[in-house]
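Have a look at the structure below, then the notes.
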Amino acid sequence: MKQKFNVSGMTCSACSSRVEKSVAKLDGVKAVSVNLLTNSMQVDFEEQRISEKDIIYSVEHAGYGAALAGIEEHRKNNGQIYNGDSVTNLMDEQTKEMKIRLILSFAFLVPLMYISMGHMFGLHLPEVLTGHENAVSFAFTQLLLCLPILYVNRHYFIKGFSTLFHRAPNMDSLIAIGSAAAVVYGIFAIYRMSYGLGAGDIELVKKYHMDLYFESAATILALITLGKFLEAKSKGKTSEALTKLMDLTPKTALVERAGEQLQIPIEGVEVGEIVLVKPGSNIPVDGSIIEGNTSVDESAITGESIPVYKETGMNVIAATTNKSGFIKVKTAKVGADTTFSQIIRLVEEASATKAPIAKLADKIAGIFVPIVIGLAGITAAVWLLVGADFEFALSSAISVLVISCPCALGLATPVAIMVGTGKGAENGILVKSGEALELAHSVNCVVLDKTGTITEGKPIVTDVVSFVGNKESLLSAAGSLESRSEHPLAEAIMDYIKAEDIKVQPINDFQSIAGRGLKATIENKVYFAGNQRMMEENGISVNEHLNEINKLASQGKTPMMFGEEKQLIGIIAVADVVKATSKTAIDELRKMNIEVTMLTGDNKGTAEGIGRNLNLNQIISEVLPQDKEKVISDLQKKGKKVAMVGDGINDAPALVRADVGIAIGAGTDVAVESADIILMKNDLLDVVTAIRLSKAVIRNIKQNLFWAFFYNCLGIPLAAGVFYSVLGWKLSPMFAAAAMSFSSVFVVTNALRLKMFKAHKDGDNILYNGRIMAEENKVKEQEENKMVTLKIDGMMCENCVKHVKAALESFKGATAEVNLDHKEAKVEIPSTVSMDELKTAVEEAGYTVTEIIK
């Protein structure tokens, strides 16, 4: 069983490592992944051997808090928690609380710095705080100003010393020890000055008068809080993609119940109900259109900017936008079952998982803090041994503690993973895990299933060659014969004939001959449809046209021959055509030095015909479904990192076997479940985008890790004073705190650069030439529509408007906007609809068209 938990109290990678180790050692836990960025933990465990309470207890015993992220407690939408009757964004709450702490900290830090360091800049101080005789008042005032800062930032001390006592020190431990040491030393100095004044020992007072560390302790806490606040603000931006998706979720739905229209909360919609969707509204459920037609903006799901035409019988997806027409939708899926909710879940889960590269950072973080504490102690001891005063030794030790906090190390990977998966979702690419996102960058061999992946997955008519008579007569005969057939190729021919508006004729004596074709009588003449053998067995010679037949076959097409009595009257070629963008995608993969293999169950001739113009490295044909997984395995044995792209049930074993399984979004549920990456747009160019995104994320993670390691490697020696005797370089605790804070901000900001990732390279027209062509075709189709304005008499009320609109939109593909005040209707109609037909439709509805403006 897999379960998610919210974890509180974690501040650095040492914390997440501690929690992970505590849970991982429990008997019955299979796997555990703790995410510092989202403050969450995913646990895969055996219910029979361990309970959720045991896991929570283990986290609490480690010094942290945990709670089950159940459906009632946790809405899976970017950390939003459901608590009683309110829904609060957890990240916003944390940022708000941190802002209050920050304001209070600096409100007391400014006067503290004025008193402690103002004299260095010639600033005036009250007489009661100046002079050695007022040394105790001077120090005690600083202590009073420091106490509120210590209190509002008490979290660091509570958590820091708690984890230290649990023998698992973390970032807070370093801050707590460093600032506490500074405060304790300052209090010690007050006692020493008090003693000096009482004993008349002015030299003792002079020694400790300016040897106070209250401002250092306060500044450390204030700057750490400032860094954490900026970090939290930046971290909030990493999940913007998920937030944008959540904002699209409709909160209510207009349903039809007992003949009435009711606006109800989305949670109240049931499967099978009729939902009404007005133009401009978001579709609230997954379902199918039972009335009306429209254009739907599916960019939230697929990333595709061009609206998709939808009509009765077609499916729609929740959170997409109804652009024009009014539609009725029969609900198929609601709530957490909708495609949109599943996308949210996948993106969130991927953000919460760890990439293998993160394990290195976790291992280092687990032992890093204890080593730093040891280094701080060694630093103080060495400086005291070489004759430095106690103030210098203490300052160096505190600087080492403060600058070494491993915040940047812990954030290096999860922020990049979250931004990367969110950016993928924006482009219609769903990555299920951080591991998949990392592995994709190392892929050097892509295996593509043919049907539905490289090709459209549905046979269509590609060529009509008539030898006797004209094209229409051939199609009429073909339609008459194929109208009785259930063969997929017959369906393709019938679709083509319907589109061409060809009339078919009645037939007699219909026969279907297995492995050959069809035979029937049309107007007392015998007609045949089928393969070459069918023609020859019935005395029809095809020798004269063999070159034409072989040419079509060599192109991967299936030539269907049609004969009348004893002569061949024509050929209709049917093929599962290559998608417009497939060749461009394969070319781009080859440019990335990735081998591309096509895998198909088709015969060798058909496979080679389709692959001839695709620049493939290898074509593997005549592969049985159960053998696809073996092909992937054989490639892996040769040392290849293999990505498998498929869409069918028979692709599922191969998707699981591959290093990275990529499912075409319109594929079967089994294929989607088996895959690591899901492409929502059914477009192979997104395979290129997914690999490029992976490379960008891994490059960003490596930059972050380098910065985190380099920062510590440089910062610790500087803080320890290694360069002091040679170059005079010395880092004060205050500057160390500032440097530590901004190192985390730098890492998060660097990860945010991934938000600038583009699905295609600037100026790279070749890469997206295929998609550009496809979009241009869609635009051309839209341009075939025409806009006209009708001036209409007789409209008196909104019911009239409704009737006119319904009459105008009765034409397939037509949309209308009717204006009662201006007595007119603006209509977008296909070019096939005439002005007379429009006028007749309005007049049949009971109104008069007075003018038509084109």
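The way I read the labels, and the way they are meant: chains A, B, ... in the order of the structure tokens, residue 1 as the first residue of every chain, and ligand 1 as the first ligand shown, with later ones counted on from there.
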
Which neighbours of range 689-702 of chain A fall inside 7 Å, counting only C-alpha atoms, when residues of the same chain fewer than 2 positions from it are skipped, and could you give them as JSON, numbers by chain?
{"A": [412, 413, 416, 417, 420, 429, 437, 438, 440, 441, 685, 686, 687, 704, 705, 706, 751, 759]}

Would you compute the distance between CA of Ala492 in chain A and CA of Val574 in chain A? Give it in Å to one decimal.
7.3 Å

One number please: CA of Val32 in chain A to CA of Gly63 in chain A, in Å, one decimal.
17.5 Å

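Taking only C-alpha atoms into account, Glu203 in chain A lies nearest to A:His132 out of the set A:Ser40, A:His132, A:Asn750, A:Glu97.
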
Hey, what's within 10 Å of Arg590 in chain A if we count only C-alpha atoms and toss same-chain stuff fewer than 6 positions away? As a compact mmCIF listing (two decimals) with C-alpha atoms, in the first residue's frame, please?
# COMPACT_ATOMS: atom_id res chain seq x y z
CA ASN A 444 20.27 6.69 -26.52
CA CYS A 445 17.75 4.40 -28.22
CA VAL A 446 14.05 5.10 -28.85
CA THR A 584 10.30 15.68 -38.09
CA VAL A 596 15.38 5.21 -33.61
CA ASN A 615 15.28 8.07 -41.56
CA LEU A 616 15.02 5.16 -39.10
CA ASN A 617 18.09 3.28 -37.85

Name the residues in contact with Thr815 in chain A at a cut-off of 10 Å, using only C-alpha atoms, excluding same-chain residues fewer than 3 positions from it; report them as an MDAnalysis selection string.
chainID A and resid 293:295 324:326 787 805:806 808:812 826:830

Tell me, as a ChimeraX atom specification, which residues lie within 9 Å of Ile678 in chain A, counting only C-alpha atoms; anything in the same chain fewer than 4 positions away does not count.
/A:428-432,661-665,672

DSSP on the backbone, then: every residue of range 410-587 of chain A marked strand (DSSP E or B), written as a PyMOL selection string.
chain A and resi 429-431+445-449+455+460-466+508-513+517-522+525-530+558-564+567-575+578

Residues near Met598 in chain A, anyone? I mean within 10 Å using only C-alpha atoms, not counting same-chain ones fewer than 4 positions away, as a ChimeraX atom specification.
/A:446-450,453-454,607-608,610-611,614,616-621,645

Take the residues from that selection and put them in a file with all heavy atoms, as a compact mmCIF listing (two decimals), in the first residue's frame.
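Dumped everything to result-v6.txt:
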# COMPACT_ATOMS: atom_id res chain seq x y z
N VAL A 446 15.51 4.96 -28.97
CA VAL A 446 14.05 5.10 -28.85
C VAL A 446 13.39 4.08 -29.76
O VAL A 446 13.68 4.03 -30.96
CB VAL A 446 13.58 6.53 -29.21
CG1 VAL A 446 12.06 6.60 -29.25
CG2 VAL A 446 14.13 7.53 -28.21
N VAL A 447 12.52 3.27 -29.18
CA VAL A 447 11.77 2.27 -29.95
C VAL A 447 10.34 2.77 -30.10
O VAL A 447 9.67 3.07 -29.10
CB VAL A 447 11.79 0.89 -29.25
CG1 VAL A 447 10.96 -0.11 -30.04
CG2 VAL A 447 13.22 0.38 -29.12
N LEU A 448 9.87 2.85 -31.34
CA LEU A 448 8.54 3.39 -31.63
C LEU A 448 7.63 2.30 -32.16
O LEU A 448 7.95 1.63 -33.15
CB LEU A 448 8.62 4.51 -32.67
CG LEU A 448 9.57 5.69 -32.36
CD1 LEU A 448 9.66 6.60 -33.57
CD2 LEU A 448 9.09 6.45 -31.15
N ASP A 449 6.51 2.10 -31.47
CA ASP A 449 5.46 1.25 -32.04
C ASP A 449 4.93 1.97 -33.29
O ASP A 449 4.89 3.20 -33.34
CB ASP A 449 4.35 1.06 -31.01
CG ASP A 449 3.17 0.30 -31.58
OD1 ASP A 449 3.38 -0.79 -32.10
OD2 ASP A 449 2.04 0.83 -31.50
N LYS A 450 4.54 1.21 -34.31
CA LYS A 450 4.09 1.84 -35.56
C LYS A 450 2.66 2.36 -35.47
O LYS A 450 2.41 3.55 -35.55
CB LYS A 450 4.20 0.86 -36.74
CG LYS A 450 3.72 1.48 -38.07
CD LYS A 450 3.74 0.48 -39.20
CE LYS A 450 2.55 -0.48 -39.13
NZ LYS A 450 1.25 0.18 -39.44
N THR A 453 1.24 5.32 -33.19
CA THR A 453 2.36 6.08 -32.63
C THR A 453 3.05 6.86 -33.73
O THR A 453 3.05 8.08 -33.75
CB THR A 453 3.34 5.14 -31.91
OG1 THR A 453 2.65 4.43 -30.88
CG2 THR A 453 4.47 5.93 -31.27
N ILE A 454 3.64 6.11 -34.68
CA ILE A 454 4.20 6.78 -35.87
C ILE A 454 3.07 7.14 -36.83
O ILE A 454 3.07 8.21 -37.43
CB ILE A 454 5.21 5.85 -36.58
CG1 ILE A 454 6.45 5.64 -35.69
CG2 ILE A 454 5.63 6.45 -37.92
CD1 ILE A 454 7.47 4.69 -36.28
N ALA A 607 6.05 -2.68 -43.72
CA ALA A 607 6.86 -1.96 -42.74
C ALA A 607 7.93 -1.13 -43.41
O ALA A 607 8.14 0.05 -43.07
CB ALA A 607 7.49 -2.94 -41.77
N GLU A 608 8.61 -1.72 -44.39
CA GLU A 608 9.67 -0.99 -45.09
C GLU A 608 9.09 0.12 -45.96
O GLU A 608 9.72 1.17 -46.14
CB GLU A 608 10.49 -1.96 -45.93
CG GLU A 608 11.36 -2.88 -45.07
CD GLU A 608 12.23 -3.80 -45.91
OE1 GLU A 608 12.01 -3.87 -47.14
OE2 GLU A 608 13.13 -4.45 -45.33
N ILE A 610 6.48 1.96 -45.20
CA ILE A 610 6.18 3.07 -44.30
C ILE A 610 7.46 3.72 -43.79
O ILE A 610 7.56 4.95 -43.68
CB ILE A 610 5.32 2.58 -43.11
CG1 ILE A 610 3.91 2.26 -43.62
CG2 ILE A 610 5.26 3.62 -41.99
CD1 ILE A 610 3.01 1.65 -42.59
N GLY A 611 8.47 2.90 -43.48
CA GLY A 611 9.70 3.42 -42.90
C GLY A 611 10.69 3.98 -43.88
O GLY A 611 11.70 4.58 -43.48
N LEU A 614 11.48 7.69 -43.42
CA LEU A 614 11.48 8.17 -42.03
C LEU A 614 12.85 8.24 -41.38
O LEU A 614 12.96 8.53 -40.20
CB LEU A 614 10.55 7.27 -41.18
CG LEU A 614 9.06 7.39 -41.49
CD1 LEU A 614 8.28 6.45 -40.59
CD2 LEU A 614 8.58 8.82 -41.30
N LEU A 616 14.90 6.04 -40.27
CA LEU A 616 15.02 5.16 -39.10
C LEU A 616 16.36 4.42 -39.12
O LEU A 616 16.91 4.13 -40.18
CB LEU A 616 13.89 4.14 -39.10
CG LEU A 616 12.47 4.70 -38.95
CD1 LEU A 616 11.43 3.70 -39.43
CD2 LEU A 616 12.21 5.09 -37.49
N ASN A 617 16.88 4.11 -37.93
CA ASN A 617 18.09 3.28 -37.85
C ASN A 617 17.78 1.82 -38.11
O ASN A 617 18.59 1.08 -38.67
CB ASN A 617 18.72 3.40 -36.45
CG ASN A 617 19.29 4.77 -36.19
OD1 ASN A 617 18.60 5.63 -35.69
ND2 ASN A 617 20.55 4.98 -36.55
N GLN A 618 16.58 1.40 -37.69
CA GLN A 618 16.25 -0.02 -37.76
C GLN A 618 14.74 -0.20 -37.86
O GLN A 618 13.98 0.55 -37.24
CB GLN A 618 16.80 -0.74 -36.52
CG GLN A 618 16.67 -2.24 -36.54
CD GLN A 618 17.24 -2.88 -35.27
OE1 GLN A 618 17.53 -2.19 -34.30
NE2 GLN A 618 17.43 -4.18 -35.29
N ILE A 619 14.32 -1.20 -38.65
CA ILE A 619 12.90 -1.56 -38.74
C ILE A 619 12.78 -3.03 -38.35
O ILE A 619 13.39 -3.91 -38.95
CB ILE A 619 12.35 -1.36 -40.17
CG1 ILE A 619 12.44 0.12 -40.57
CG2 ILE A 619 10.91 -1.84 -40.27
CD1 ILE A 619 12.10 0.39 -42.02
N ILE A 620 12.01 -3.28 -37.30
CA ILE A 620 11.79 -4.65 -36.85
C ILE A 620 10.32 -4.98 -37.09
O ILE A 620 9.43 -4.40 -36.46
CB ILE A 620 12.14 -4.83 -35.35
CG1 ILE A 620 13.59 -4.42 -35.10
CG2 ILE A 620 11.91 -6.27 -34.90
CD1 ILE A 620 14.00 -4.46 -33.65
N SER A 621 10.07 -5.88 -38.05
CA SER A 621 8.69 -6.20 -38.45
C SER A 621 8.31 -7.61 -38.04
O SER A 621 9.13 -8.39 -37.56
CB SER A 621 8.56 -6.02 -39.96
OG SER A 621 9.49 -6.84 -40.64
N VAL A 645 8.05 3.82 -26.91
CA VAL A 645 6.88 4.68 -27.10
C VAL A 645 5.77 3.85 -27.72
O VAL A 645 5.95 3.27 -28.80
CB VAL A 645 7.20 5.88 -28.02
CG1 VAL A 645 6.02 6.84 -28.06
CG2 VAL A 645 8.45 6.59 -27.56

Within 6 Å of Asn531 in chain A using only C-alpha atoms, minus same-chain residues under 3 positions, as a PDB file with all heavy atoms, in the first residue's frame:
ATOM      1  N   ARG A 516      -9.851 -13.490 -49.897  1.00  0.00           N
ATOM      2  CA  ARG A 516      -9.875 -13.049 -51.289  1.00  0.00           C
ATOM      3  C   ARG A 516     -10.524 -11.663 -51.403  1.00  0.00           C
ATOM      4  O   ARG A 516      -9.899 -10.719 -51.811  1.00  0.00           O
ATOM      5  CB  ARG A 516     -10.668 -14.035 -52.170  1.00  0.00           C
ATOM      6  CG  ARG A 516     -10.152 -15.469 -52.132  1.00  0.00           C
ATOM      7  CD  ARG A 516      -8.856 -15.610 -52.911  1.00  0.00           C
ATOM      8  NE  ARG A 516      -8.546 -17.011 -53.154  1.00  0.00           N
ATOM      9  CZ  ARG A 516      -7.921 -17.802 -52.288  1.00  0.00           C
ATOM     10  NH1 ARG A 516      -7.585 -17.323 -51.100  1.00  0.00           N
ATOM     11  NH2 ARG A 516      -7.639 -19.066 -52.578  1.00  0.00           N
ATOM     12  N   MET A 534      -7.978 -12.739 -56.054  1.00  0.00           N
ATOM     13  CA  MET A 534      -9.415 -12.672 -56.304  1.00  0.00           C
ATOM     14  C   MET A 534      -9.685 -12.319 -57.771  1.00  0.00           C
ATOM     15  O   MET A 534     -10.556 -12.922 -58.432  1.00  0.00           O
ATOM     16  CB  MET A 534     -10.047 -11.603 -55.390  1.00  0.00           C
ATOM     17  CG  MET A 534     -11.536 -11.385 -55.595  1.00  0.00           C
ATOM     18  SD  MET A 534     -12.509 -12.727 -54.907  1.00  0.00           S
ATOM     19  CE  MET A 534     -14.154 -12.034 -55.057  1.00  0.00           C
ATOM     20  N   MET A 561      -8.346  -3.955 -55.311  1.00  0.00           N
ATOM     21  CA  MET A 561      -8.674  -3.976 -56.743  1.00  0.00           C
ATOM     22  C   MET A 561     -10.165  -4.190 -56.954  1.00  0.00           C
ATOM     23  O   MET A 561     -10.798  -4.947 -56.204  1.00  0.00           O
ATOM     24  CB  MET A 561      -7.868  -5.066 -57.434  1.00  0.00           C
ATOM     25  CG  MET A 561      -6.406  -4.681 -57.618  1.00  0.00           C
ATOM     26  SD  MET A 561      -5.347  -6.086 -57.911  1.00  0.00           S
ATOM     27  CE  MET A 561      -4.555  -6.264 -56.348  1.00  0.00           C
TER      28      MET A 561
END

Could you tell me how far CA of Leu197 in chain A sits from CA of Asn134 in chain A, in Å to one decimal place?
9.4 Å

Give the helix (DSSP H, G or I) residues of range 175-335 of chain A, as assigned by DSSP on the backbone, as JSON, numbers by chain.
{"A": [175, 176, 177, 178, 179, 180, 181, 182, 183, 184, 185, 186, 187, 188, 189, 190, 191, 192, 193, 194, 195, 196, 197, 198, 199, 202, 203, 204, 205, 206, 207, 208, 209, 214, 215, 216, 217, 218, 219, 220, 221, 222, 223, 224, 225, 226, 227, 228, 229, 230, 231, 232, 233, 234, 235, 236, 237, 238, 240, 241, 242, 243, 244, 245, 246, 247, 266, 267, 268, 299, 300, 301, 302, 335]}
